[in-house]
file my_file-v2.pdb (PDB, C-alpha atoms, pLDDT in the B column)
ATOM      1  CA  MET A   1      32.231 -11.538 -22.135  1.00 43.00           C
ATOM      2  CA  THR A   2      32.148  -7.799 -21.458  1.00 48.00           C
ATOM      3  CA  PRO A   3      35.297  -6.522 -19.709  1.00 49.00           C
ATOM      4  CA  PRO A   4      34.509  -5.022 -16.248  1.00 51.00           C
ATOM      5  CA  ALA A   5      35.902  -1.654 -17.343  1.00 50.00           C
ATOM      6  CA  LEU A   6      33.190  -1.381 -20.005  1.00 62.00           C
ATOM      7  CA  LEU A   7      30.303  -2.222 -17.669  1.00 87.00           C
ATOM      8  CA  LEU A   8      28.449   0.870 -16.526  1.00 94.00           C
ATOM      9  CA  PRO A   9      25.481   1.440 -14.244  1.00 96.00           C
ATOM     10  CA  VAL A  10      22.238   2.537 -15.854  1.00 95.00           C
ATOM     11  CA  VAL A  11      20.639   5.787 -14.688  1.00 93.00           C
ATOM     12  CA  ASP A  12      17.032   6.359 -15.723  1.00 94.00           C
ATOM     13  CA  ARG A  13      15.472   9.759 -15.128  1.00 93.00           C
ATOM     14  CA  ILE A  14      11.704   9.761 -14.715  1.00 93.00           C
ATOM     15  CA  ARG A  15       9.580  12.900 -14.737  1.00 92.00           C
ATOM     16  CA  HIS A  16       6.495  13.233 -12.544  1.00 88.00           C
ATOM     17  CA  ASP A  17       3.522  15.547 -12.343  1.00 83.00           C
ATOM     18  CA  ALA A  18       4.723  17.784  -9.495  1.00 79.00           C
ATOM     19  CA  GLN A  19       1.338  18.754  -8.184  1.00 90.00           C
ATOM     20  CA  ARG A  20       0.780  20.309  -4.791  1.00 95.00           C
ATOM     21  CA  ARG A  21      -1.113  18.225  -2.215  1.00 97.00           C
ATOM     22  CA  ARG A  22      -2.681  19.129   1.118  1.00 97.00           C
ATOM     23  CA  LEU A  23      -2.326  16.270   3.582  1.00 98.00           C
ATOM     24  CA  THR A  24      -3.238  15.571   7.187  1.00 98.00           C
ATOM     25  CA  VAL A  25      -0.899  14.434   9.936  1.00 98.00           C
ATOM     26  CA  ALA A  26      -2.078  10.974  11.021  1.00 98.00           C
ATOM     27  CA  THR A  27       0.613  10.018  13.553  1.00 98.00           C
ATOM     28  CA  THR A  28       3.906  11.275  14.948  1.00 98.00           C
ATOM     29  CA  THR A  29       6.578   8.840  16.137  1.00 98.00           C
ATOM     30  CA  ARG A  30       9.940   9.588  17.743  1.00 97.00           C
ATOM     31  CA  LEU A  31      12.108   6.893  16.143  1.00 97.00           C
ATOM     32  CA  THR A  32      15.281   7.917  17.972  1.00 97.00           C
ATOM     33  CA  PRO A  33      16.299  10.970  20.023  1.00 96.00           C
ATOM     34  CA  ASN A  34      17.169  12.796  16.792  1.00 95.00           C
ATOM     35  CA  MET A  35      14.691  11.375  14.269  1.00 97.00           C
ATOM     36  CA  LEU A  36      10.955  12.044  14.113  1.00 97.00           C
ATOM     37  CA  ARG A  37       8.540  10.349  11.723  1.00 98.00           C
ATOM     38  CA  LEU A  38       5.295  11.930  10.559  1.00 98.00           C
ATOM     39  CA  ARG A  39       2.706   9.870   8.727  1.00 98.00           C
ATOM     40  CA  LEU A  40       0.683  11.982   6.317  1.00 98.00           C
ATOM     41  CA  GLU A  41      -2.548  10.877   4.723  1.00 98.00           C
ATOM     42  CA  GLY A  42      -5.444  12.113   2.654  1.00 96.00           C
ATOM     43  CA  PRO A  43      -7.241  11.681  -0.665  1.00 96.00           C
ATOM     44  CA  ALA A  44      -4.827  14.161  -2.274  1.00 95.00           C
ATOM     45  CA  LEU A  45      -2.192  11.371  -2.228  1.00 95.00           C
ATOM     46  CA  ALA A  46      -3.992   9.701  -5.132  1.00 94.00           C
ATOM     47  CA  GLY A  47      -1.544   9.518  -8.020  1.00 93.00           C
ATOM     48  CA  PHE A  48       1.502  10.244  -5.845  1.00 95.00           C
ATOM     49  CA  ARG A  49       4.590   8.441  -7.092  1.00 94.00           C
ATOM     50  CA  SER A  50       8.138   8.136  -5.795  1.00 95.00           C
ATOM     51  CA  ALA A  51      10.246   5.830  -7.954  1.00 95.00           C
ATOM     52  CA  SER A  52      13.606   6.247  -6.210  1.00 96.00           C
ATOM     53  CA  PRO A  53      14.926   6.410  -2.626  1.00 96.00           C
ATOM     54  CA  GLY A  54      16.784   9.520  -3.739  1.00 94.00           C
ATOM     55  CA  ASP A  55      13.561  11.435  -4.401  1.00 95.00           C
ATOM     56  CA  HIS A  56      12.598  14.636  -2.614  1.00 95.00           C
ATOM     57  CA  VAL A  57       9.293  16.344  -1.926  1.00 96.00           C
ATOM     58  CA  LYS A  58       8.894  19.971  -0.955  1.00 95.00           C
ATOM     59  CA  LEU A  59       7.214  20.662   2.369  1.00 96.00           C
ATOM     60  CA  PHE A  60       5.567  24.064   2.726  1.00 96.00           C
ATOM     61  CA  VAL A  61       5.810  25.103   6.377  1.00 94.00           C
ATOM     62  CA  PRO A  62       5.401  28.350   8.354  1.00 91.00           C
ATOM     63  CA  ASP A  63       8.503  30.516   8.509  1.00 88.00           C
ATOM     64  CA  GLY A  64       7.643  31.962  11.927  1.00 84.00           C
ATOM     65  CA  ALA A  65       7.026  35.423  10.510  1.00 87.00           C
ATOM     66  CA  GLY A  66       3.640  34.935   8.870  1.00 88.00           C
ATOM     67  CA  GLY A  67       4.989  33.489   5.640  1.00 92.00           C
ATOM     68  CA  THR A  68       5.820  30.080   4.228  1.00 93.00           C
ATOM     69  CA  VAL A  69       9.102  28.381   3.327  1.00 92.00           C
ATOM     70  CA  MET A  70       9.884  25.218   1.377  1.00 93.00           C
ATOM     71  CA  ARG A  71      12.160  22.430   2.548  1.00 92.00           C
ATOM     72  CA  ASP A  72      13.246  19.165   0.870  1.00 93.00           C
ATOM     73  CA  TYR A  73      12.470  15.792   2.437  1.00 95.00           C
ATOM     74  CA  THR A  74      12.724  12.163   1.346  1.00 96.00           C
ATOM     75  CA  PRO A  75       9.508  10.159   0.866  1.00 97.00           C
ATOM     76  CA  ARG A  76      10.485   7.478   3.386  1.00 98.00           C
ATOM     77  CA  ARG A  77       7.610   5.061   2.808  1.00 97.00           C
ATOM     78  CA  HIS A  78       4.445   5.283   0.728  1.00 97.00           C
ATOM     79  CA  ASP A  79       1.437   2.968   0.685  1.00 96.00           C
ATOM     80  CA  PRO A  80      -0.794   3.885  -2.277  1.00 94.00           C
ATOM     81  CA  VAL A  81      -3.490   1.413  -1.207  1.00 93.00           C
ATOM     82  CA  ALA A  82      -3.804   2.548   2.407  1.00 94.00           C
ATOM     83  CA  GLY A  83      -3.187   6.136   1.353  1.00 95.00           C
ATOM     84  CA  TRP A  84      -0.329   7.286   3.571  1.00 97.00           C
ATOM     85  CA  LEU A  85       3.157   8.737   3.246  1.00 98.00           C
ATOM     86  CA  ASP A  86       5.905   8.635   5.896  1.00 98.00           C
ATOM     87  CA  ILE A  87       8.460  11.431   6.156  1.00 98.00           C
ATOM     88  CA  ASP A  88      11.360  11.324   8.620  1.00 97.00           C
ATOM     89  CA  PHE A  89      12.789  14.523  10.102  1.00 96.00           C
ATOM     90  CA  ALA A  90      16.403  14.642  11.292  1.00 94.00           C
ATOM     91  CA  LEU A  91      16.311  16.921  14.332  1.00 91.00           C
ATOM     92  CA  HIS A  92      19.810  18.289  13.859  1.00 75.00           C
ATOM     93  CA  ASP A  93      18.811  21.929  13.601  1.00 70.00           C
ATOM     94  CA  ALA A  94      16.103  24.341  14.718  1.00 73.00           C
ATOM     95  CA  GLY A  95      14.921  25.391  11.266  1.00 85.00           C
ATOM     96  CA  PRO A  96      11.277  26.045  10.393  1.00 91.00           C
ATOM     97  CA  ALA A  97      10.567  22.526   9.092  1.00 92.00           C
ATOM     98  CA  THR A  98      12.051  20.930  12.208  1.00 92.00           C
ATOM     99  CA  LEU A  99      10.120  23.276  14.480  1.00 93.00           C
ATOM    100  CA  TRP A 100       6.909  22.574  12.597  1.00 95.00           C
ATOM    101  CA  ALA A 101       7.426  18.818  12.774  1.00 96.00           C
ATOM    102  CA  LEU A 102       8.153  18.931  16.519  1.00 95.00           C
ATOM    103  CA  SER A 103       4.900  20.769  17.169  1.00 95.00           C
ATOM    104  CA  ALA A 104       2.775  18.825  14.655  1.00 96.00           C
ATOM    105  CA  ALA A 105      -0.127  16.789  16.020  1.00 97.00           C
ATOM    106  CA  PRO A 106      -2.662  14.425  14.448  1.00 98.00           C
ATOM    107  CA  GLY A 107      -5.207  16.441  12.526  1.00 98.00           C
ATOM    108  CA  ASP A 108      -2.792  19.195  11.510  1.00 97.00           C
ATOM    109  CA  THR A 109      -2.425  19.824   7.792  1.00 97.00           C
ATOM    110  CA  VAL A 110       0.567  20.501   5.570  1.00 97.00           C
ATOM    111  CA  GLU A 111       1.167  20.928   1.852  1.00 97.00           C
ATOM    112  CA  ILE A 112       3.746  19.002  -0.130  1.00 97.00           C
ATOM    113  CA  GLY A 113       4.875  19.284  -3.733  1.00 96.00           C
ATOM    114  CA  GLY A 114       6.580  16.765  -5.955  1.00 91.00           C
ATOM    115  CA  PRO A 115       8.653  14.803  -6.455  1.00 95.00           C
ATOM    116  CA  ARG A 116       9.360  16.473  -9.771  1.00 91.00           C
ATOM    117  CA  GLY A 117      11.422  13.546 -10.928  1.00 91.00           C
ATOM    118  CA  SER A 118      13.255  10.365  -9.976  1.00 94.00           C
ATOM    119  CA  MET A 119      16.756   9.148 -10.731  1.00 94.00           C
ATOM    120  CA  VAL A 120      16.622   5.345 -10.762  1.00 96.00           C
ATOM    121  CA  ILE A 121      20.042   3.672 -10.561  1.00 96.00           C
ATOM    122  CA  GLY A 122      20.350   0.130 -11.904  1.00 96.00           C
ATOM    123  CA  GLY A 123      22.293  -1.996 -14.352  1.00 96.00           C
ATOM    124  CA  PRO A 124      25.175  -4.399 -13.642  1.00 96.00           C
ATOM    125  CA  ILE A 125      25.623  -3.435  -9.977  1.00 97.00           C
ATOM    126  CA  ARG A 126      27.092  -6.229  -7.844  1.00 97.00           C
ATOM    127  CA  SER A 127      27.245  -4.348  -4.542  1.00 98.00           C
ATOM    128  CA  TRP A 128      26.433  -1.000  -2.946  1.00 98.00           C
ATOM    129  CA  VAL A 129      28.135   1.330  -0.483  1.00 98.00           C
ATOM    130  CA  LEU A 130      25.894   4.004   1.041  1.00 98.00           C
ATOM    131  CA  VAL A 131      27.479   6.791   3.088  1.00 98.00           C
ATOM    132  CA  GLY A 132      25.907   9.744   4.859  1.00 97.00           C
ATOM    133  CA  ASP A 133      24.760  11.499   7.995  1.00 96.00           C
ATOM    134  CA  GLU A 134      21.343  11.452   9.651  1.00 95.00           C
ATOM    135  CA  THR A 135      19.866  13.738   6.985  1.00 94.00           C
ATOM    136  CA  ALA A 136      20.611  11.009   4.425  1.00 96.00           C
ATOM    137  CA  LEU A 137      19.467   8.159   6.670  1.00 97.00           C
ATOM    138  CA  PRO A 138      15.839   8.156   5.415  1.00 97.00           C
ATOM    139  CA  SER A 139      17.080   7.729   1.847  1.00 97.00           C
ATOM    140  CA  ILE A 140      19.747   5.182   2.813  1.00 98.00           C
ATOM    141  CA  ALA A 141      17.315   3.103   4.868  1.00 98.00           C
ATOM    142  CA  ARG A 142      14.667   3.138   2.142  1.00 98.00           C
ATOM    143  CA  ARG A 143      17.191   2.089  -0.505  1.00 98.00           C
ATOM    144  CA  ILE A 144      18.366  -0.823   1.636  1.00 98.00           C
ATOM    145  CA  GLU A 145      14.810  -1.933   2.382  1.00 98.00           C
ATOM    146  CA  GLU A 146      13.921  -1.943  -1.313  1.00 97.00           C
ATOM    147  CA  MET A 147      17.007  -3.857  -2.522  1.00 97.00           C
ATOM    148  CA  ALA A 148      16.768  -7.304  -4.043  1.00 97.00           C
ATOM    149  CA  ALA A 149      17.259 -10.293  -1.769  1.00 98.00           C
ATOM    150  CA  GLY A 150      20.919 -11.113  -1.250  1.00 98.00           C
ATOM    151  CA  MET A 151      22.285  -7.878  -2.757  1.00 98.00           C
ATOM    152  CA  PRO A 152      25.478  -6.973  -0.848  1.00 98.00           C
ATOM    153  CA  VAL A 153      25.195  -3.486   0.653  1.00 98.00           C
ATOM    154  CA  THR A 154      27.343  -1.646   3.182  1.00 98.00           C
ATOM    155  CA  SER A 155      25.980   1.417   4.957  1.00 98.00           C
ATOM    156  CA  ILE A 156      28.149   3.924   6.817  1.00 98.00           C
ATOM    157  CA  VAL A 157      26.060   6.495   8.687  1.00 98.00           C
ATOM    158  CA  ALA A 158      27.197   9.215  11.079  1.00 97.00           C
ATOM    159  CA  VAL A 159      24.810   9.905  13.976  1.00 97.00           C
ATOM    160  CA  PRO A 160      25.141  11.740  17.308  1.00 95.00           C
ATOM    161  CA  GLY A 161      25.202   8.569  19.422  1.00 95.00           C
ATOM    162  CA  ALA A 162      24.291   4.920  19.850  1.00 97.00           C
ATOM    163  CA  ALA A 163      20.645   5.740  20.610  1.00 97.00           C
ATOM    164  CA  ASP A 164      20.321   7.185  17.098  1.00 97.00           C
ATOM    165  CA  ARG A 165      21.030   3.896  15.340  1.00 97.00           C
ATOM    166  CA  GLN A 166      18.100   2.400  13.457  1.00 97.00           C
ATOM    167  CA  VAL A 167      17.208  -1.183  12.641  1.00 95.00           C
ATOM    168  CA  ILE A 168      16.707  -1.558   8.885  1.00 97.00           C
ATOM    169  CA  ALA A 169      14.621  -4.561   7.855  1.00 96.00           C
ATOM    170  CA  THR A 170      15.768  -5.946   4.512  1.00 98.00           C
ATOM    171  CA  SER A 171      16.334  -9.134   2.567  1.00 98.00           C
ATOM    172  CA  ALA A 172      19.559  -7.668   1.145  1.00 98.00           C
ATOM    173  CA  ASP A 173      22.937  -8.761   2.529  1.00 98.00           C
ATOM    174  CA  HIS A 174      23.342  -5.658   4.679  1.00 98.00           C
ATOM    175  CA  HIS A 175      26.383  -4.722   6.758  1.00 98.00           C
ATOM    176  CA  ALA A 176      25.927  -1.561   8.841  1.00 98.00           C
ATOM    177  CA  THR A 177      28.605   0.703  10.276  1.00 98.00           C
ATOM    178  CA  TRP A 178      27.562   3.525  12.614  1.00 98.00           C
ATOM    179  CA  VAL A 179      29.902   6.442  13.247  1.00 98.00           C
ATOM    180  CA  HIS A 180      29.262   8.473  16.410  1.00 97.00           C
ATOM    181  CA  ARG A 181      30.209  12.124  16.132  1.00 92.00           C
ATOM    182  CA  THR A 182      29.496  15.465  17.759  1.00 91.00           C
ATOM    183  CA  ASP A 183      30.248  17.772  14.809  1.00 93.00           C
ATOM    184  CA  PRO A 184      28.214  16.988  11.651  1.00 92.00           C
ATOM    185  CA  THR A 185      30.688  19.006   9.560  1.00 94.00           C
ATOM    186  CA  ASP A 186      33.595  16.737  10.603  1.00 95.00           C
ATOM    187  CA  ALA A 187      34.234  14.064   7.958  1.00 97.00           C
ATOM    188  CA  THR A 188      36.970  12.245   9.902  1.00 97.00           C
ATOM    189  CA  GLY A 189      34.911   9.336  11.211  1.00 97.00           C
ATOM    190  CA  LEU A 190      33.143   8.679   7.924  1.00 98.00           C
ATOM    191  CA  LEU A 191      36.407   8.858   5.983  1.00 98.00           C
ATOM    192  CA  ALA A 192      38.051   6.349   8.324  1.00 98.00           C
ATOM    193  CA  ALA A 193      35.130   3.918   8.084  1.00 98.00           C
ATOM    194  CA  LEU A 194      34.962   4.260   4.317  1.00 98.00           C
ATOM    195  CA  GLN A 195      38.675   3.562   3.990  1.00 97.00           C
ATOM    196  CA  ARG A 196      38.101   0.134   5.538  1.00 97.00           C
ATOM    197  CA  VAL A 197      35.513  -0.866   2.905  1.00 97.00           C
ATOM    198  CA  ASP A 198      36.668  -2.933  -0.059  1.00 95.00           C
ATOM    199  CA  LEU A 199      35.458  -1.239  -3.257  1.00 96.00           C
ATOM    200  CA  LYS A 200      35.188  -4.221  -5.540  1.00 94.00           C
ATOM    201  CA  PRO A 201      34.501  -3.863  -9.280  1.00 95.00           C
ATOM    202  CA  GLN A 202      30.876  -2.972 -10.056  1.00 96.00           C
ATOM    203  CA  THR A 203      30.306  -1.420  -6.631  1.00 97.00           C
ATOM    204  CA  PHE A 204      28.070   1.638  -6.713  1.00 98.00           C
ATOM    205  CA  VAL A 205      28.861   4.280  -4.085  1.00 98.00           C
ATOM    206  CA  TRP A 206      26.140   6.737  -3.010  1.00 98.00           C
ATOM    207  CA  ILE A 207      27.044   9.632  -0.693  1.00 98.00           C
ATOM    208  CA  ALA A 208      24.947  12.366   0.922  1.00 97.00           C
ATOM    209  CA  ALA A 209      25.818  14.620   3.860  1.00 96.00           C
ATOM    210  CA  GLU A 210      26.829  18.209   4.560  1.00 95.00           C
ATOM    211  CA  ALA A 211      28.229  19.502   1.255  1.00 94.00           C
ATOM    212  CA  ASP A 212      31.889  19.787   2.284  1.00 95.00           C
ATOM    213  CA  VAL A 213      31.769  16.407   4.042  1.00 96.00           C
ATOM    214  CA  ALA A 214      30.195  14.804   0.965  1.00 96.00           C
ATOM    215  CA  ARG A 215      32.824  16.395  -1.261  1.00 96.00           C
ATOM    216  CA  ARG A 216      35.665  15.012   0.857  1.00 97.00           C
ATOM    217  CA  LEU A 217      34.101  11.549   0.827  1.00 98.00           C
ATOM    218  CA  ARG A 218      33.661  11.726  -2.947  1.00 97.00           C
ATOM    219  CA  ASP A 219      37.274  12.754  -3.460  1.00 97.00           C
ATOM    220  CA  ALA A 220      38.493   9.919  -1.233  1.00 97.00           C
ATOM    221  CA  VAL A 221      36.518   7.354  -3.240  1.00 98.00           C
ATOM    222  CA  LEU A 222      37.728   8.684  -6.584  1.00 97.00           C
ATOM    223  CA  ALA A 223      41.313   8.685  -5.296  1.00 97.00           C
ATOM    224  CA  ARG A 224      40.974   4.941  -4.796  1.00 96.00           C
ATOM    225  CA  GLY A 225      40.306   4.476  -8.493  1.00 95.00           C
ATOM    226  CA  LEU A 226      36.519   4.070  -8.560  1.00 96.00           C
ATOM    227  CA  PRO A 227      35.284   5.194 -11.995  1.00 95.00           C
ATOM    228  CA  PRO A 228      33.166   8.355 -11.587  1.00 95.00           C
ATOM    229  CA  GLU A 229      30.237   6.658 -13.353  1.00 96.00           C
ATOM    230  CA  TRP A 230      29.942   4.395 -10.297  1.00 97.00           C
ATOM    231  CA  LEU A 231      29.494   7.256  -7.864  1.00 97.00           C
ATOM    232  CA  ARG A 232      26.800   9.758  -6.901  1.00 96.00           C
ATOM    233  CA  ALA A 233      27.446  12.385  -4.233  1.00 96.00           C
ATOM    234  CA  ALA A 234      25.208  15.192  -2.992  1.00 94.00           C
ATOM    235  CA  GLY A 235      25.290  17.879  -0.351  1.00 93.00           C
ATOM    236  CA  TYR A 236      21.982  17.527   1.448  1.00 92.00           C
ATOM    237  CA  TRP A 237      22.770  20.688   3.422  1.00 89.00           C
ATOM    238  CA  LEU A 238      25.428  23.383   3.671  1.00 84.00           C
ATOM    239  CA  ALA A 239      26.786  24.505   7.020  1.00 79.00           C
ATOM    240  CA  GLY A 240      25.679  28.052   7.803  1.00 70.00           C
ATOM    241  CA  GLU A 241      23.184  28.296   4.930  1.00 73.00           C
ATOM    242  CA  ALA A 242      19.432  27.761   5.223  1.00 68.00           C
ATOM    243  CA  ASP A 243      17.700  25.599   2.626  1.00 66.00           C
ATOM    244  CA  ALA A 244      20.903  25.156   0.623  1.00 63.00           C
ATOM    245  CA  THR A 245      21.745  21.921  -1.181  1.00 69.00           C
ATOM    246  CA  VAL A 246      24.145  20.680  -3.820  1.00 72.00           C
ATOM    247  CA  LYS A 247      22.269  18.004  -5.716  1.00 74.00           C
ATOM    248  CA  ASP A 248      25.201  16.615  -7.702  1.00 71.00           C
ATOM    249  CA  LEU A 249      28.790  17.065  -6.552  1.00 65.00           C
TER
END
call {"tool": "encode", "arguments": {"input": "my_file-v2.pdb", "output": "structure tokens"}}
result
Amino acid sequence: MTPPALLLPVVDRIRHDAQRRRLTVATTTRLTPNMLRLRLEGPALAGFRSASPGDHVKLFVPDGAGGTVMRDYTPRRHDPVAGWLDIDFALHDAGPATLWALSAAPGDTVEIGGPRGSMVIGGPIRSWVLVGDETALPSIARRIEEMAAGMPVTSIVAVPGAADRQVIATSADHHATWVHRTDPTDATGLLAALQRVDLKPQTFVWIAAEADVARRLRDAVLARGLPPEWLRAAGYWLAGEADATVKDL
């Protein structure tokens, strides 16, 4: 029998053809006061692949000054047969991608690129803990939805208020904790909720939030003795910096 200390998760990295695709907005849906979903469709989606809930595509949107900027977003759901892709927008800022999404209407077009690759996490994982803010919620929700039946998973997500909670349909054994906060750069609520979670052996912890918040959460988990191989942390955004991320803290 393999000692628990020698068991490690398996991380497979998959490369994709990162072609650029022009798609059409099919529908827009306000999921919560601070989350908007756009369904994109079109024949250019043929061959699109997203193998991991941690994937990102680039959206090419107007910058407001006659140019174009790129922003990263999670492929929330993809149906290759019906030919559509859902992308959720956290409305926590007034950047160009948010402004474009708020004004988008059926029939509008947008270009996406990627994903360039996928990091698929597997192996001898007995439970999951997923921690983040609303920018990470599309990835967290997708991961929970795609988990095997009965897999224990705890999610801890910081959102502005109760109306921003989402119902996540899954056959996994899911326990959700929602932290209400006003300042997305304040890690206090997430740290307190995380401290109450039992990190049993072979628990994989995935963290994504504002970079400093994610770093503090990572440090708190490591301080509790979780082997670093059982942890992934990322800064999905940096306070005060546009289009800044830290993919691997």
call {"tool": "resolve_selection", "arguments": {"input": "my_file-v2.pdb", "expression": "the PyMOL selection byres ((chain A and resi 17-32) around 8)", "output": "compact mmCIF listing (two decimals) with C-alpha atoms, in the coordinates of the input"}}
result
# COMPACT_ATOMS: atom_id res chain seq x y z
CA ARG A 15 9.58 12.90 -14.74
CA HIS A 16 6.50 13.23 -12.54
CA PRO A 33 16.30 10.97 20.02
CA ASN A 34 17.17 12.80 16.79
CA MET A 35 14.69 11.38 14.27
CA LEU A 36 10.96 12.04 14.11
CA ARG A 37 8.54 10.35 11.72
CA LEU A 38 5.30 11.93 10.56
CA ARG A 39 2.71 9.87 8.73
CA LEU A 40 0.68 11.98 6.32
CA GLU A 41 -2.55 10.88 4.72
CA GLY A 42 -5.44 12.11 2.65
CA PRO A 43 -7.24 11.68 -0.66
CA ALA A 44 -4.83 14.16 -2.27
CA LEU A 45 -2.19 11.37 -2.23
CA ALA A 104 2.78 18.82 14.66
CA ALA A 105 -0.13 16.79 16.02
CA PRO A 106 -2.66 14.42 14.45
CA GLY A 107 -5.21 16.44 12.53
CA ASP A 108 -2.79 19.20 11.51
CA THR A 109 -2.42 19.82 7.79
CA VAL A 110 0.57 20.50 5.57
CA GLU A 111 1.17 20.93 1.85
CA ILE A 112 3.75 19.00 -0.13
CA GLY A 113 4.88 19.28 -3.73
CA GLY A 114 6.58 16.76 -5.96
CA PRO A 115 8.65 14.80 -6.46
CA ARG A 116 9.36 16.47 -9.77
CA ALA A 163 20.64 5.74 20.61
CA ASP A 164 20.32 7.18 17.10
CA ARG A 165 21.03 3.90 15.34
CA GLN A 166 18.10 2.40 13.46
call {"tool": "resolve_selection", "arguments": {"input": "my_file-v2.pdb", "expression": "the PyMOL selection byres ((chain A and resi 178) around 7)", "output": "MDAnalysis selection string"}}
result
chainID A and resid 156:158 176:177 179:180
call {"tool": "resolve_selection", "arguments": {"input": "my_file-v2.pdb", "expression": "the PyMOL selection byres ((chain A and resi 99) around 12)", "output": "ChimeraX atom specification"}}
result
/A:36,61-64,89-98,100-104
call {"tool": "residues_around", "arguments": {"input": "my_file-v2.pdb", "residues": "range 202-217 of chain A", "least_positions_apart": "3", "cutoff": "8 Å", "atoms": "all atoms listed in the file", "output": "PyMOL selection string"}}
result
chain A and resi 4+7-9+124-136+184-187+190-191+199+220-221+230-239+245-246+249
call {"tool": "closest_residue", "arguments": {"input": "my_file-v2.pdb", "among": "A:Ala82, A:Val167, A:Gln195, A:Arg143", "to": "Leu222 in chain A", "atoms": "only C-alpha atoms"}}
result
A:Gln195
call {"tool": "closest_residue", "arguments": {"input": "my_file-v2.pdb", "among": "A:Gly225, A:Pro80, A:Pro53, A:Gly47", "to": "Glu146 in chain A", "atoms": "only C-alpha atoms"}}
result
A:Pro53
call {"tool": "closest_residue", "arguments": {"input": "my_file-v2.pdb", "among": "A:Thr68, A:Thr170, A:Ser118, A:Thr182", "to": "Arg49 in chain A", "atoms": "all atoms listed in the file"}}
result
A:Ser118
call {"tool": "atom_distance", "arguments": {"input": "my_file-v2.pdb", "atom1": "CA of Glu229 in chain A", "atom2": "CA of Thr154 in chain A"}}
result
18.7 Å
call {"tool": "atom_distance", "arguments": {"input": "my_file-v2.pdb", "atom1": "CA of Arg142 in chain A", "atom2": "CA of Gly117 in chain A"}}
result
17.0 Å
call {"tool": "atom_distance", "arguments": {"input": "my_file-v2.pdb", "atom1": "CA of Met70 in chain A", "atom2": "CA of Val11 in chain A"}}
result
27.4 Å
